[in-house]
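For reference, work30.pdb (PDB, C-alpha atoms, pLDDT in the B column):
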```
MODEL        1
ATOM      1  CA  MET A   1       8.146 -19.369  11.586  1.00 72.00           C
ATOM      2  CA  LEU A   2       6.896 -19.006   8.014  1.00 78.00           C
ATOM      3  CA  GLY A   3       3.542 -20.473   9.028  1.00 80.00           C
ATOM      4  CA  SER A   4       3.213 -17.838  11.741  1.00 88.00           C
ATOM      5  CA  TRP A   5       3.850 -15.054   9.233  1.00 89.00           C
ATOM      6  CA  ILE A   6       1.219 -16.519   6.903  1.00 91.00           C
ATOM      7  CA  LEU A   7      -1.322 -16.310   9.732  1.00 91.00           C
ATOM      8  CA  ILE A   8      -0.180 -12.789  10.644  1.00 93.00           C
ATOM      9  CA  GLY A   9      -0.293 -11.725   6.997  1.00 93.00           C
ATOM     10  CA  SER A  10      -3.816 -13.062   6.596  1.00 92.00           C
ATOM     11  CA  ALA A  11      -4.929 -11.210   9.730  1.00 92.00           C
ATOM     12  CA  PHE A  12      -3.414  -7.980   8.407  1.00 95.00           C
ATOM     13  CA  GLY A  13      -5.181  -8.609   5.107  1.00 94.00           C
ATOM     14  CA  SER A  14      -8.484  -8.806   6.962  1.00 91.00           C
ATOM     15  CA  PHE A  15      -7.600  -5.534   8.714  1.00 93.00           C
ATOM     16  CA  VAL A  16      -7.030  -3.910   5.324  1.00 95.00           C
ATOM     17  CA  THR A  17     -10.603  -4.749   4.291  1.00 91.00           C
ATOM     18  CA  VAL A  18     -11.799  -3.037   7.484  1.00 91.00           C
ATOM     19  CA  LEU A  19      -9.776   0.079   6.659  1.00 94.00           C
ATOM     20  CA  VAL A  20     -11.177   0.170   3.125  1.00 93.00           C
ATOM     21  CA  ALA A  21     -14.748  -0.169   4.393  1.00 88.00           C
ATOM     22  CA  ARG A  22     -14.515   2.374   7.227  1.00 90.00           C
ATOM     23  CA  VAL A  23     -11.844   5.025   6.673  1.00 93.00           C
ATOM     24  CA  PRO A  24     -13.467   6.749   3.644  1.00 90.00           C
ATOM     25  CA  GLY A  25     -16.700   7.200   5.624  1.00 84.00           C
ATOM     26  CA  ARG A  26     -14.813   8.200   8.812  1.00 78.00           C
ATOM     27  CA  ARG A  27     -16.264   5.269  10.719  1.00 79.00           C
ATOM     28  CA  GLY A  28     -14.562   3.918  13.824  1.00 72.00           C
ATOM     29  CA  LEU A  29     -12.234   0.946  13.580  1.00 71.00           C
ATOM     30  CA  VAL A  30     -13.065  -0.685  16.919  1.00 67.00           C
ATOM     31  CA  THR A  31     -16.770  -1.358  16.372  1.00 70.00           C
ATOM     32  CA  SER A  32     -18.085  -4.734  15.248  1.00 70.00           C
ATOM     33  CA  SER A  33     -18.347  -5.527  11.550  1.00 75.00           C
ATOM     34  CA  HIS A  34     -21.781  -5.664   9.961  1.00 73.00           C
ATOM     35  CA  CYS A  35     -23.172  -7.089   6.749  1.00 72.00           C
ATOM     36  CA  GLN A  36     -23.557  -4.229   4.300  1.00 74.00           C
ATOM     37  CA  ASN A  37     -26.805  -5.724   3.009  1.00 74.00           C
ATOM     38  CA  CYS A  38     -28.808  -6.830   6.078  1.00 79.00           C
ATOM     39  CA  GLY A  39     -26.918  -4.916   8.787  1.00 71.00           C
ATOM     40  CA  LYS A  40     -26.509  -7.949  11.070  1.00 79.00           C
ATOM     41  CA  THR A  41     -23.351  -8.186  13.176  1.00 79.00           C
ATOM     42  CA  ILE A  42     -20.809 -10.579  11.648  1.00 81.00           C
ATOM     43  CA  LEU A  43     -19.951 -13.414  14.031  1.00 78.00           C
ATOM     44  CA  TRP A  44     -16.336 -13.876  15.070  1.00 70.00           C
ATOM     45  CA  ARG A  45     -16.188 -17.263  13.390  1.00 79.00           C
ATOM     46  CA  ASP A  46     -17.239 -15.631  10.129  1.00 74.00           C
ATOM     47  CA  ASN A  47     -14.297 -13.223  10.306  1.00 79.00           C
ATOM     48  CA  ILE A  48     -11.498 -15.770   9.983  1.00 79.00           C
ATOM     49  CA  PRO A  49      -9.397 -14.655   6.985  1.00 82.00           C
ATOM     50  CA  LEU A  50      -9.923 -16.757   3.829  1.00 84.00           C
ATOM     51  CA  ILE A  51     -11.353 -19.741   5.742  1.00 84.00           C
ATOM     52  CA  SER A  52     -14.667 -18.095   6.620  1.00 86.00           C
ATOM     53  CA  PHE A  53     -15.198 -16.978   3.028  1.00 83.00           C
ATOM     54  CA  LEU A  54     -14.731 -20.540   1.811  1.00 85.00           C
ATOM     55  CA  LEU A  55     -16.956 -22.058   4.517  1.00 84.00           C
ATOM     56  CA  LEU A  56     -19.718 -19.528   3.848  1.00 83.00           C
ATOM     57  CA  ARG A  57     -19.257 -19.974   0.083  1.00 81.00           C
ATOM     58  CA  GLY A  58     -18.892 -16.246  -0.331  1.00 81.00           C
ATOM     59  CA  ARG A  59     -22.274 -15.353   1.156  1.00 85.00           C
ATOM     60  CA  CYS A  60     -23.573 -13.714   4.334  1.00 82.00           C
ATOM     61  CA  ARG A  61     -24.644 -16.254   6.955  1.00 81.00           C
ATOM     62  CA  PHE A  62     -27.939 -14.422   7.553  1.00 79.00           C
ATOM     63  CA  CYS A  63     -29.223 -12.871   4.317  1.00 85.00           C
ATOM     64  CA  LYS A  64     -27.163 -14.970   1.865  1.00 82.00           C
ATOM     65  CA  SER A  65     -26.055 -11.900  -0.085  1.00 83.00           C
ATOM     66  CA  LYS A  66     -22.742 -12.190  -1.918  1.00 84.00           C
ATOM     67  CA  ILE A  67     -19.713 -11.012   0.044  1.00 81.00           C
ATOM     68  CA  GLY A  68     -17.564 -10.321  -3.009  1.00 79.00           C
ATOM     69  CA  TYR A  69     -14.150 -11.616  -4.012  1.00 85.00           C
ATOM     70  CA  LEU A  70     -12.370  -8.381  -3.060  1.00 87.00           C
ATOM     71  CA  TYR A  71     -12.191  -9.566   0.547  1.00 87.00           C
ATOM     72  CA  PRO A  72     -10.394 -12.909   0.072  1.00 89.00           C
ATOM     73  CA  LEU A  73      -8.222 -11.511  -2.725  1.00 93.00           C
ATOM     74  CA  THR A  74      -7.122  -8.637  -0.471  1.00 93.00           C
ATOM     75  CA  GLU A  75      -6.366 -11.011   2.399  1.00 93.00           C
ATOM     76  CA  LEU A  76      -4.427 -13.329   0.095  1.00 94.00           C
ATOM     77  CA  GLY A  77      -2.509 -10.493  -1.591  1.00 95.00           C
ATOM     78  CA  VAL A  78      -1.524  -8.785   1.646  1.00 96.00           C
ATOM     79  CA  CYS A  79      -0.476 -12.125   3.125  1.00 95.00           C
ATOM     80  CA  GLY A  80       1.744 -12.840   0.113  1.00 95.00           C
ATOM     81  CA  LEU A  81       3.355  -9.396   0.196  1.00 95.00           C
ATOM     82  CA  ILE A  82       4.065  -9.587   3.929  1.00 96.00           C
ATOM     83  CA  VAL A  83       5.645 -13.025   3.600  1.00 95.00           C
ATOM     84  CA  PHE A  84       7.821 -11.695   0.764  1.00 94.00           C
ATOM     85  CA  VAL A  85       8.852  -8.652   2.810  1.00 94.00           C
ATOM     86  CA  VAL A  86       9.772 -10.817   5.799  1.00 94.00           C
ATOM     87  CA  LEU A  87      11.859 -13.141   3.626  1.00 92.00           C
ATOM     88  CA  HIS A  88      13.497 -10.326   1.639  1.00 91.00           C
ATOM     89  CA  PHE A  89      14.492  -7.709   4.222  1.00 92.00           C
ATOM     90  CA  SER A  90      16.771  -8.034   7.228  1.00 87.00           C
ATOM     91  CA  GLY A  91      16.509  -6.050  10.445  1.00 91.00           C
ATOM     92  CA  TRP A  92      13.293  -5.791  12.418  1.00 94.00           C
ATOM     93  CA  PHE A  93      12.765  -2.057  12.065  1.00 97.00           C
ATOM     94  CA  VAL A  94      13.205  -2.059   8.289  1.00 97.00           C
ATOM     95  CA  THR A  95      11.007  -5.139   7.935  1.00 96.00           C
ATOM     96  CA  LEU A  96       8.283  -3.586  10.092  1.00 97.00           C
ATOM     97  CA  SER A  97       8.405  -0.386   8.054  1.00 97.00           C
ATOM     98  CA  TRP A  98       7.727  -2.382   4.884  1.00 97.00           C
ATOM     99  CA  ILE A  99       4.962  -4.368   6.596  1.00 97.00           C
ATOM    100  CA  ALA A 100       3.313  -1.058   7.535  1.00 97.00           C
ATOM    101  CA  PHE A 101       3.665   0.014   3.907  1.00 98.00           C
ATOM    102  CA  VAL A 102       2.043  -3.196   2.681  1.00 97.00           C
ATOM    103  CA  VAL A 103      -0.903  -2.891   5.083  1.00 97.00           C
ATOM    104  CA  LEU A 104      -1.713   0.813   4.845  1.00 97.00           C
ATOM    105  CA  GLY A 105      -0.475   1.070   1.265  1.00 97.00           C
ATOM    106  CA  THR A 106      -2.796  -1.676   0.047  1.00 96.00           C
ATOM    107  CA  ALA A 107      -5.718   0.001   1.801  1.00 97.00           C
ATOM    108  CA  LEU A 108      -4.778   3.287   0.112  1.00 97.00           C
ATOM    109  CA  ALA A 109      -4.552   1.651  -3.308  1.00 96.00           C
ATOM    110  CA  ILE A 110      -8.021   0.104  -3.036  1.00 96.00           C
ATOM    111  CA  ILE A 111      -9.553   3.304  -1.664  1.00 96.00           C
ATOM    112  CA  ASP A 112      -7.968   5.310  -4.474  1.00 96.00           C
ATOM    113  CA  LEU A 113      -9.361   2.903  -7.053  1.00 94.00           C
ATOM    114  CA  LYS A 114     -12.844   3.095  -5.514  1.00 93.00           C
ATOM    115  CA  TYR A 115     -13.088   6.741  -4.461  1.00 93.00           C
ATOM    116  CA  PHE A 116     -10.250   8.538  -6.313  1.00 92.00           C
ATOM    117  CA  ARG A 117      -8.668   9.874  -3.131  1.00 93.00           C
ATOM    118  CA  LEU A 118      -5.991   9.039  -0.601  1.00 96.00           C
ATOM    119  CA  PRO A 119      -7.243   9.856   2.927  1.00 96.00           C
ATOM    120  CA  ASP A 120      -4.899  11.869   5.161  1.00 96.00           C
ATOM    121  CA  PRO A 121      -5.381   9.583   8.205  1.00 95.00           C
ATOM    122  CA  LEU A 122      -3.714   6.775   6.242  1.00 97.00           C
ATOM    123  CA  THR A 123      -1.084   8.659   4.201  1.00 97.00           C
ATOM    124  CA  LEU A 124       0.159  10.741   7.132  1.00 97.00           C
ATOM    125  CA  SER A 125      -0.015   7.889   9.647  1.00 97.00           C
ATOM    126  CA  LEU A 126       1.987   5.709   7.278  1.00 97.00           C
ATOM    127  CA  ALA A 127       4.662   8.391   6.831  1.00 97.00           C
ATOM    128  CA  CYS A 128       4.962   8.870  10.609  1.00 97.00           C
ATOM    129  CA  ILE A 129       5.205   5.127  11.291  1.00 98.00           C
ATOM    130  CA  VAL A 130       7.847   4.573   8.614  1.00 98.00           C
ATOM    131  CA  VAL A 131      10.025   7.536   9.608  1.00 97.00           C
ATOM    132  CA  ALA A 132       9.901   6.450  13.274  1.00 98.00           C
ATOM    133  CA  LEU A 133      10.934   2.887  12.387  1.00 98.00           C
ATOM    134  CA  LEU A 134      13.750   3.997  10.077  1.00 98.00           C
ATOM    135  CA  ILE A 135      15.085   6.412  12.696  1.00 98.00           C
ATOM    136  CA  SER A 136      15.058   3.529  15.192  1.00 97.00           C
ATOM    137  CA  ASP A 137      16.967   1.324  12.741  1.00 97.00           C
ATOM    138  CA  ALA A 138      19.510   4.075  12.035  1.00 97.00           C
ATOM    139  CA  LEU A 139      20.137   4.682  15.735  1.00 96.00           C
ATOM    140  CA  LYS A 140      20.431   0.989  16.545  1.00 95.00           C
ATOM    141  CA  ASN A 141      22.609  -0.060  13.616  1.00 94.00           C
ATOM    142  CA  GLY A 142      24.527   3.128  12.835  1.00 94.00           C
ATOM    143  CA  HIS A 143      22.762   3.741   9.534  1.00 95.00           C
ATOM    144  CA  GLN A 144      22.721   7.522   9.818  1.00 96.00           C
ATOM    145  CA  HIS A 145      23.918   7.913   6.219  1.00 96.00           C
ATOM    146  CA  GLN A 146      21.015   5.774   4.980  1.00 96.00           C
ATOM    147  CA  LEU A 147      18.599   7.808   7.098  1.00 97.00           C
ATOM    148  CA  GLN A 148      19.945  11.030   5.618  1.00 97.00           C
ATOM    149  CA  SER A 149      19.460   9.612   2.132  1.00 97.00           C
ATOM    150  CA  ALA A 150      15.908   8.554   3.019  1.00 97.00           C
ATOM    151  CA  LEU A 151      14.952  11.995   4.355  1.00 97.00           C
ATOM    152  CA  ILE A 152      16.416  13.795   1.335  1.00 97.00           C
ATOM    153  CA  SER A 153      14.659  11.391  -1.047  1.00 97.00           C
ATOM    154  CA  ALA A 154      11.331  11.808   0.778  1.00 97.00           C
ATOM    155  CA  PHE A 155      11.567  15.604   0.682  1.00 97.00           C
ATOM    156  CA  SER A 156      12.648  15.629  -2.966  1.00 97.00           C
ATOM    157  CA  LEU A 157       9.890  13.251  -4.071  1.00 97.00           C
ATOM    158  CA  PHE A 158       7.281  15.252  -2.151  1.00 97.00           C
ATOM    159  CA  ILE A 159       8.384  18.475  -3.866  1.00 97.00           C
ATOM    160  CA  PHE A 160       8.335  16.700  -7.248  1.00 96.00           C
ATOM    161  CA  TYR A 161       4.722  15.571  -6.803  1.00 96.00           C
ATOM    162  CA  LEU A 162       3.756  18.927  -5.313  1.00 95.00           C
ATOM    163  CA  LEU A 163       5.066  20.689  -8.427  1.00 95.00           C
ATOM    164  CA  ILE A 164       3.092  18.304 -10.628  1.00 93.00           C
ATOM    165  CA  ASN A 165       0.000  19.093  -8.553  1.00 92.00           C
ATOM    166  CA  ILE A 166       0.521  22.826  -9.036  1.00 92.00           C
ATOM    167  CA  LEU A 167       1.391  22.665 -12.726  1.00 91.00           C
ATOM    168  CA  SER A 168      -1.498  20.309 -13.506  1.00 87.00           C
ATOM    169  CA  HIS A 169      -3.946  22.497 -11.551  1.00 83.00           C
ATOM    170  CA  GLY A 170      -4.921  19.617  -9.295  1.00 78.00           C
ATOM    171  CA  GLY A 171      -4.686  16.907 -11.930  1.00 78.00           C
ATOM    172  CA  MET A 172      -2.306  15.149  -9.539  1.00 85.00           C
ATOM    173  CA  GLY A 173      -3.811  15.138  -6.053  1.00 88.00           C
ATOM    174  CA  MET A 174      -2.131  16.230  -2.832  1.00 94.00           C
ATOM    175  CA  GLY A 175      -2.740  12.737  -1.504  1.00 95.00           C
ATOM    176  CA  ASP A 176      -0.210  11.480  -4.042  1.00 96.00           C
ATOM    177  CA  ALA A 177       2.352  13.998  -2.769  1.00 96.00           C
ATOM    178  CA  LYS A 178       1.784  12.843   0.824  1.00 97.00           C
ATOM    179  CA  LEU A 179       2.114   9.196  -0.190  1.00 97.00           C
ATOM    180  CA  ALA A 180       5.364  10.144  -1.949  1.00 97.00           C
ATOM    181  CA  LEU A 181       6.860  10.965   1.471  1.00 97.00           C
ATOM    182  CA  THR A 182       6.655   7.315   2.540  1.00 98.00           C
ATOM    183  CA  ILE A 183       7.838   5.972  -0.809  1.00 98.00           C
ATOM    184  CA  GLY A 184      10.803   8.350  -0.734  1.00 97.00           C
ATOM    185  CA  LEU A 185      11.672   7.223   2.791  1.00 98.00           C
ATOM    186  CA  LEU A 186      11.556   3.499   2.027  1.00 97.00           C
ATOM    187  CA  THR A 187      13.331   3.587  -1.320  1.00 96.00           C
ATOM    188  CA  GLY A 188      15.735   6.338  -0.273  1.00 96.00           C
ATOM    189  CA  TYR A 189      16.926   4.232   2.647  1.00 96.00           C
ATOM    190  CA  ASN A 190      18.623   2.121  -0.027  1.00 91.00           C
ATOM    191  CA  GLY A 191      19.997   5.156  -1.878  1.00 90.00           C
ATOM    192  CA  TRP A 192      18.602   7.869  -4.146  1.00 90.00           C
ATOM    193  CA  ARG A 193      18.913   5.615  -7.198  1.00 90.00           C
ATOM    194  CA  SER A 194      16.264   3.306  -5.757  1.00 94.00           C
ATOM    195  CA  THR A 195      13.922   6.280  -5.416  1.00 95.00           C
ATOM    196  CA  PHE A 196      14.609   7.303  -9.009  1.00 94.00           C
ATOM    197  CA  ILE A 197      13.992   3.766 -10.298  1.00 94.00           C
ATOM    198  CA  SER A 198      10.776   3.474  -8.286  1.00 95.00           C
ATOM    199  CA  THR A 199       9.539   6.782  -9.731  1.00 96.00           C
ATOM    200  CA  LEU A 200      10.513   5.758 -13.254  1.00 95.00           C
ATOM    201  CA  LEU A 201       8.629   2.481 -12.889  1.00 95.00           C
ATOM    202  CA  THR A 202       5.614   4.344 -11.506  1.00 95.00           C
ATOM    203  CA  PHE A 203       5.299   6.734 -14.425  1.00 94.00           C
ATOM    204  CA  THR A 204       6.057   3.993 -16.964  1.00 94.00           C
ATOM    205  CA  ALA A 205       3.231   1.853 -15.584  1.00 93.00           C
ATOM    206  CA  GLY A 206       0.916   4.855 -15.474  1.00 91.00           C
ATOM    207  CA  ALA A 207       1.731   5.771 -19.069  1.00 90.00           C
ATOM    208  CA  LEU A 208       1.164   2.212 -20.332  1.00 91.00           C
ATOM    209  CA  VAL A 209      -2.188   1.923 -18.584  1.00 90.00           C
ATOM    210  CA  GLY A 210      -3.168   5.384 -19.810  1.00 84.00           C
ATOM    211  CA  ILE A 211      -2.356   4.408 -23.397  1.00 82.00           C
ATOM    212  CA  GLY A 212      -4.341   1.211 -22.959  1.00 88.00           C
ATOM    213  CA  LEU A 213      -7.371   3.133 -21.699  1.00 83.00           C
ATOM    214  CA  ILE A 214      -7.162   5.503 -24.657  1.00 76.00           C
ATOM    215  CA  LEU A 215      -6.856   2.683 -27.195  1.00 79.00           C
ATOM    216  CA  PHE A 216      -9.368   0.221 -25.784  1.00 78.00           C
ATOM    217  CA  LYS A 217     -11.708   2.237 -23.555  1.00 74.00           C
ATOM    218  CA  GLY A 218     -11.917   5.501 -25.461  1.00 71.00           C
ATOM    219  CA  ALA A 219     -10.491   7.502 -22.560  1.00 69.00           C
ATOM    220  CA  GLY A 220      -9.545  11.134 -23.097  1.00 64.00           C
ATOM    221  CA  ARG A 221      -7.255  13.710 -21.496  1.00 64.00           C
ATOM    222  CA  LYS A 222      -9.817  14.491 -18.804  1.00 67.00           C
ATOM    223  CA  THR A 223     -10.479  10.873 -17.841  1.00 72.00           C
ATOM    224  CA  ALA A 224      -9.790  10.458 -14.123  1.00 76.00           C
ATOM    225  CA  VAL A 225      -7.227   7.773 -13.351  1.00 83.00           C
ATOM    226  CA  PRO A 226      -6.132   7.102  -9.745  1.00 92.00           C
ATOM    227  CA  PHE A 227      -2.355   7.376  -9.531  1.00 93.00           C
ATOM    228  CA  GLY A 228      -1.807   5.964  -6.033  1.00 94.00           C
ATOM    229  CA  PRO A 229      -1.871   2.304  -7.146  1.00 95.00           C
ATOM    230  CA  PHE A 230       0.854   3.031  -9.731  1.00 96.00           C
ATOM    231  CA  MET A 231       3.017   4.658  -7.043  1.00 96.00           C
ATOM    232  CA  LEU A 232       2.628   1.632  -4.803  1.00 95.00           C
ATOM    233  CA  ALA A 233       3.241  -0.816  -7.655  1.00 94.00           C
ATOM    234  CA  GLY A 234       6.367   1.088  -8.693  1.00 95.00           C
ATOM    235  CA  CYS A 235       7.680   0.969  -5.152  1.00 95.00           C
ATOM    236  CA  TYR A 236       7.032  -2.783  -4.850  1.00 93.00           C
ATOM    237  CA  ALA A 237       8.592  -3.460  -8.256  1.00 92.00           C
ATOM    238  CA  SER A 238      11.696  -1.510  -7.287  1.00 92.00           C
ATOM    239  CA  ILE A 239      12.414  -4.112  -4.605  1.00 91.00           C
ATOM    240  CA  TRP A 240      13.148  -6.616  -7.395  1.00 86.00           C
ATOM    241  CA  LEU A 241      14.292  -4.340 -10.189  1.00 87.00           C
ATOM    242  CA  ALA A 242      16.334  -1.645  -8.423  1.00 83.00           C
ATOM    243  CA  PRO A 243      19.256  -3.976  -7.564  1.00 82.00           C
ATOM    244  CA  ILE A 244      19.281  -5.328 -11.139  1.00 83.00           C
ATOM    245  CA  ILE A 245      19.160  -1.885 -12.749  1.00 81.00           C
ATOM    246  CA  GLN A 246      21.706  -0.417 -10.341  1.00 74.00           C
ATOM    247  CA  GLY A 247      24.056  -3.319 -11.049  1.00 72.00           C
ATOM    248  CA  ALA A 248      23.905  -2.512 -14.769  1.00 71.00           C
ATOM    249  CA  LEU A 249      24.610   1.202 -14.267  1.00 66.00           C
ATOM    250  CA  PRO A 250      28.145   2.622 -14.166  1.00 63.00           C
ATOM    251  CA  HIS A 251      29.359   3.448 -10.663  1.00 58.00           C
TER     252      HIS A 251
ENDMDL
END
```

Could I get this structure in the form of structure tokens?
Amino acid sequence: MLGSWILIGSAFGSFVTVLVARVPGRRGLVTSSHCQNCGKTILWRDNIPLISFLLLRGRCRFCKSKIGYLYPLTELGVCGLIVFVVLHFSGWFVTLSWIAFVVLGTALAIIDLKYFRLPDPLTLSLACIVVALLISDALKNGHQHQLQSALISAFSLFIFYLLINILSHGGMGMGDAKLALTIGLLTGYNGWRSTFISTLLTFTAGALVGIGLILFKGAGRKTAVPFGPFMLAGCYASIWLAPIIQGALPH
């Protein structure tokens, strides 16, 4: 079973690279992949996650241009996260909601790092998928209280990021507020404290990286820093840390 999830995770990782390459330019997802250097159609056997990169030694079969390590690293990272999610969570609907978050969330993080934006087709699709899956879980397993907590957390986190967007005059993008909907849903399904811890971890990571950029890169107040990756990292970290922190808090 674990071997099957490794294969599935690798395939999803390959899909993430397609999203990153095509969504920002509003290109279709069903067309064949092409080499960005020579334009030749990539053969199916050259699209096998991780294996093809190793067999081709990181170069295009036709023009021998470098493919880049982002592709195998993305496939490997997504595979690892999906395997962790499958092993960590119970219940198909909850597990699938986190798998959707890993796939679309990773694509959003990379796009934000490259283009400083979080495209609506991904942020809104992710929110719709997650809310549908959590509603299905609540109806099947009688988790209406958890669903209520998730919806309240999602709304509250969205308003929080929206206020930051307004007060910062666009310093925090609306894409971050839309991504907050999904993060609020997933963390809030485990209680509002998980959402709070995820948010705390997000801003702590952002502050540390910001300080590092100021000290070592000479960044200033107006230096653009994508915040989406910190939101995603905070949410992932809360899976491990939220239970530990909540256990140390008074009840």

Q: Identify all residues satisfying the PyMOL selection byres ((chain A and resi 147) around 12) in the given file; provide them as a count of residues only.
A: 34

Q. At what distance in Å, to one decimal, does atom CA of A:Ser4 lie from atom CA of A:Val86?
A.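 We find that atom CA of A:Val86 and atom CA of A:Ser4 lie 11.3 Å from each other.
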
Q) For A:Ser14, which residue among A:Ala107, A:Cys35, A:Ser97, A:Phe84 is the nearest when counting all atoms listed in the file? A) A:Ala107

Where's the centre, and what are the edge lengths in Å to one decimal, of a box along x, y and z enclosing all listed atoms of stretch 120-131 of chain A padded 4 Å per side, as AutoDock Vina command-line options?
```
--center_x 2.3 --center_y 8.2 --center_z 7.7 --size_x 23.4 --size_y 15.3 --size_z 15.1
```

Q: Using the chain letters and numbering of this document, enumerate as a ChimeraX atom specification the residues selected by the PyMOL selection byres ((chain A and resi 61) around 12).
A: /A:34-35,37-47,52-60,62-67

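The spacing separating atom CA of A:Tyr236 from atom CA of A:Thr95 amounts to 13.6 Å.
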
With all atoms listed in the file counted and 8 Å as the cut-off, give the residues of stretch 104-223 of chain A in contact with stretch 240-249 of chain A, each with its shortest interatomic distance in Å and the pair that gives it, as JSON lines.
```
{"residue": "A:Arg193", "atom": "CA", "partner": "A:Gln246", "partner_atom": "CA", "distance": 7.4}
{"residue": "A:Ser194", "atom": "CA", "partner": "A:Ala242", "partner_atom": "CA", "distance": 5.6}
{"residue": "A:Ile197", "atom": "CA", "partner": "A:Ala242", "partner_atom": "CA", "distance": 6.2}
{"residue": "A:Ser198", "atom": "CA", "partner": "A:Ala242", "partner_atom": "CA", "distance": 7.6}
```

Using C-alpha atoms, can you export the residues from the last selection as a compact mmCIF listing (two decimals), keeping the file's coordinate frame?
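The result, stored in result.txt:
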```txt
# COMPACT_ATOMS: atom_id res chain seq x y z
CA ARG A 193 18.91 5.62 -7.20
CA SER A 194 16.26 3.31 -5.76
CA ILE A 197 13.99 3.77 -10.30
CA SER A 198 10.78 3.47 -8.29
```

(Q) Can you translate the PyMOL selection byres ((chain A and resi 168-171) around 12) into the concrete residues it hits in this file, as a ChimeraX atom specification? (A) /A:116-117,161-167,172-177,221-227

Q. Counting only C-alpha atoms, what is within 8 Å of stretch 68-83 of chain A, bar same-chain residues fewer than 6 positions away, as JSON, numbers by chain?
A. {"A": [2, 5, 6, 7, 8, 9, 10, 11, 12, 13, 14, 16, 17, 49, 50, 53, 58, 99, 102, 103, 106]}

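Distances to A:Asp120 were evaluated for A:Ile183, A:Val18, A:Val23, A:Met1 using all atoms listed in the file, and the minimum falls at A:Val23.
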
Q) With only C-alpha atoms as the basis for distance, which of A:Val209, A:Cys235, A:Leu126, A:Ala21 is at the shortest distance from A:Ile111? A) A:Ala21

Q: Take atom CA of A:Gly3 and atom CA of A:Leu104 and report the distance between them in Å, one decimal.
A: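 For atom CA of A:Gly3 relative to atom CA of A:Leu104, the distance reads 22.3 Å.
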
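Considering the residues A:Trp92, A:Phe155, A:Leu181, A:Ala233 and counting all atoms listed in the file, A:Cys128 has its shortest atom-to-atom contact with A:Leu181.
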
Q) Using only C-alpha atoms, which of A:Gly212, A:Gly91, A:Gly105, A:Gly25 sits nearest A:Leu232? A) A:Gly105

Because some atoms of stretch 233-243 of chain A are absent here, can you restore N, CA, C and O atoms and send them as a compact mmCIF listing (two decimals), in the coordinates of the input?
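Written out: selection_16.txt:
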```txt
# COMPACT_ATOMS: atom_id res chain seq x y z
N ALA A 233 2.71 0.25 -6.81
CA ALA A 233 3.24 -0.82 -7.66
C ALA A 233 4.69 -0.53 -8.04
O ALA A 233 5.53 -1.44 -8.05
N GLY A 234 5.00 0.72 -8.35
CA GLY A 234 6.37 1.09 -8.69
C GLY A 234 7.32 0.87 -7.54
O GLY A 234 8.45 0.42 -7.73
N CYS A 235 6.84 1.17 -6.34
CA CYS A 235 7.68 0.97 -5.15
C CYS A 235 7.93 -0.52 -4.91
O CYS A 235 9.06 -0.93 -4.63
N TYR A 236 6.86 -1.34 -5.02
CA TYR A 236 7.03 -2.78 -4.85
C TYR A 236 7.97 -3.35 -5.91
O TYR A 236 8.86 -4.16 -5.60
N ALA A 237 7.78 -2.93 -7.17
CA ALA A 237 8.59 -3.46 -8.26
C ALA A 237 10.06 -3.09 -8.09
O ALA A 237 10.95 -3.85 -8.49
N SER A 238 10.31 -1.94 -7.47
CA SER A 238 11.70 -1.51 -7.29
C SER A 238 12.47 -2.43 -6.35
O SER A 238 13.70 -2.48 -6.39
N ILE A 239 11.74 -3.16 -5.50
CA ILE A 239 12.41 -4.11 -4.61
C ILE A 239 13.16 -5.15 -5.44
O ILE A 239 14.30 -5.51 -5.14
N TRP A 240 12.52 -5.63 -6.51
CA TRP A 240 13.15 -6.62 -7.40
C TRP A 240 14.10 -5.95 -8.40
O TRP A 240 15.21 -6.42 -8.60
N LEU A 241 13.60 -4.88 -9.03
CA LEU A 241 14.29 -4.34 -10.19
C LEU A 241 15.42 -3.36 -9.86
O LEU A 241 16.37 -3.26 -10.62
N ALA A 242 15.30 -2.64 -8.75
CA ALA A 242 16.33 -1.64 -8.42
C ALA A 242 17.73 -2.26 -8.32
O ALA A 242 18.69 -1.72 -8.89
N PRO A 243 17.91 -3.38 -7.62
CA PRO A 243 19.26 -3.98 -7.56
C PRO A 243 19.77 -4.39 -8.94
O PRO A 243 20.97 -4.26 -9.23
```
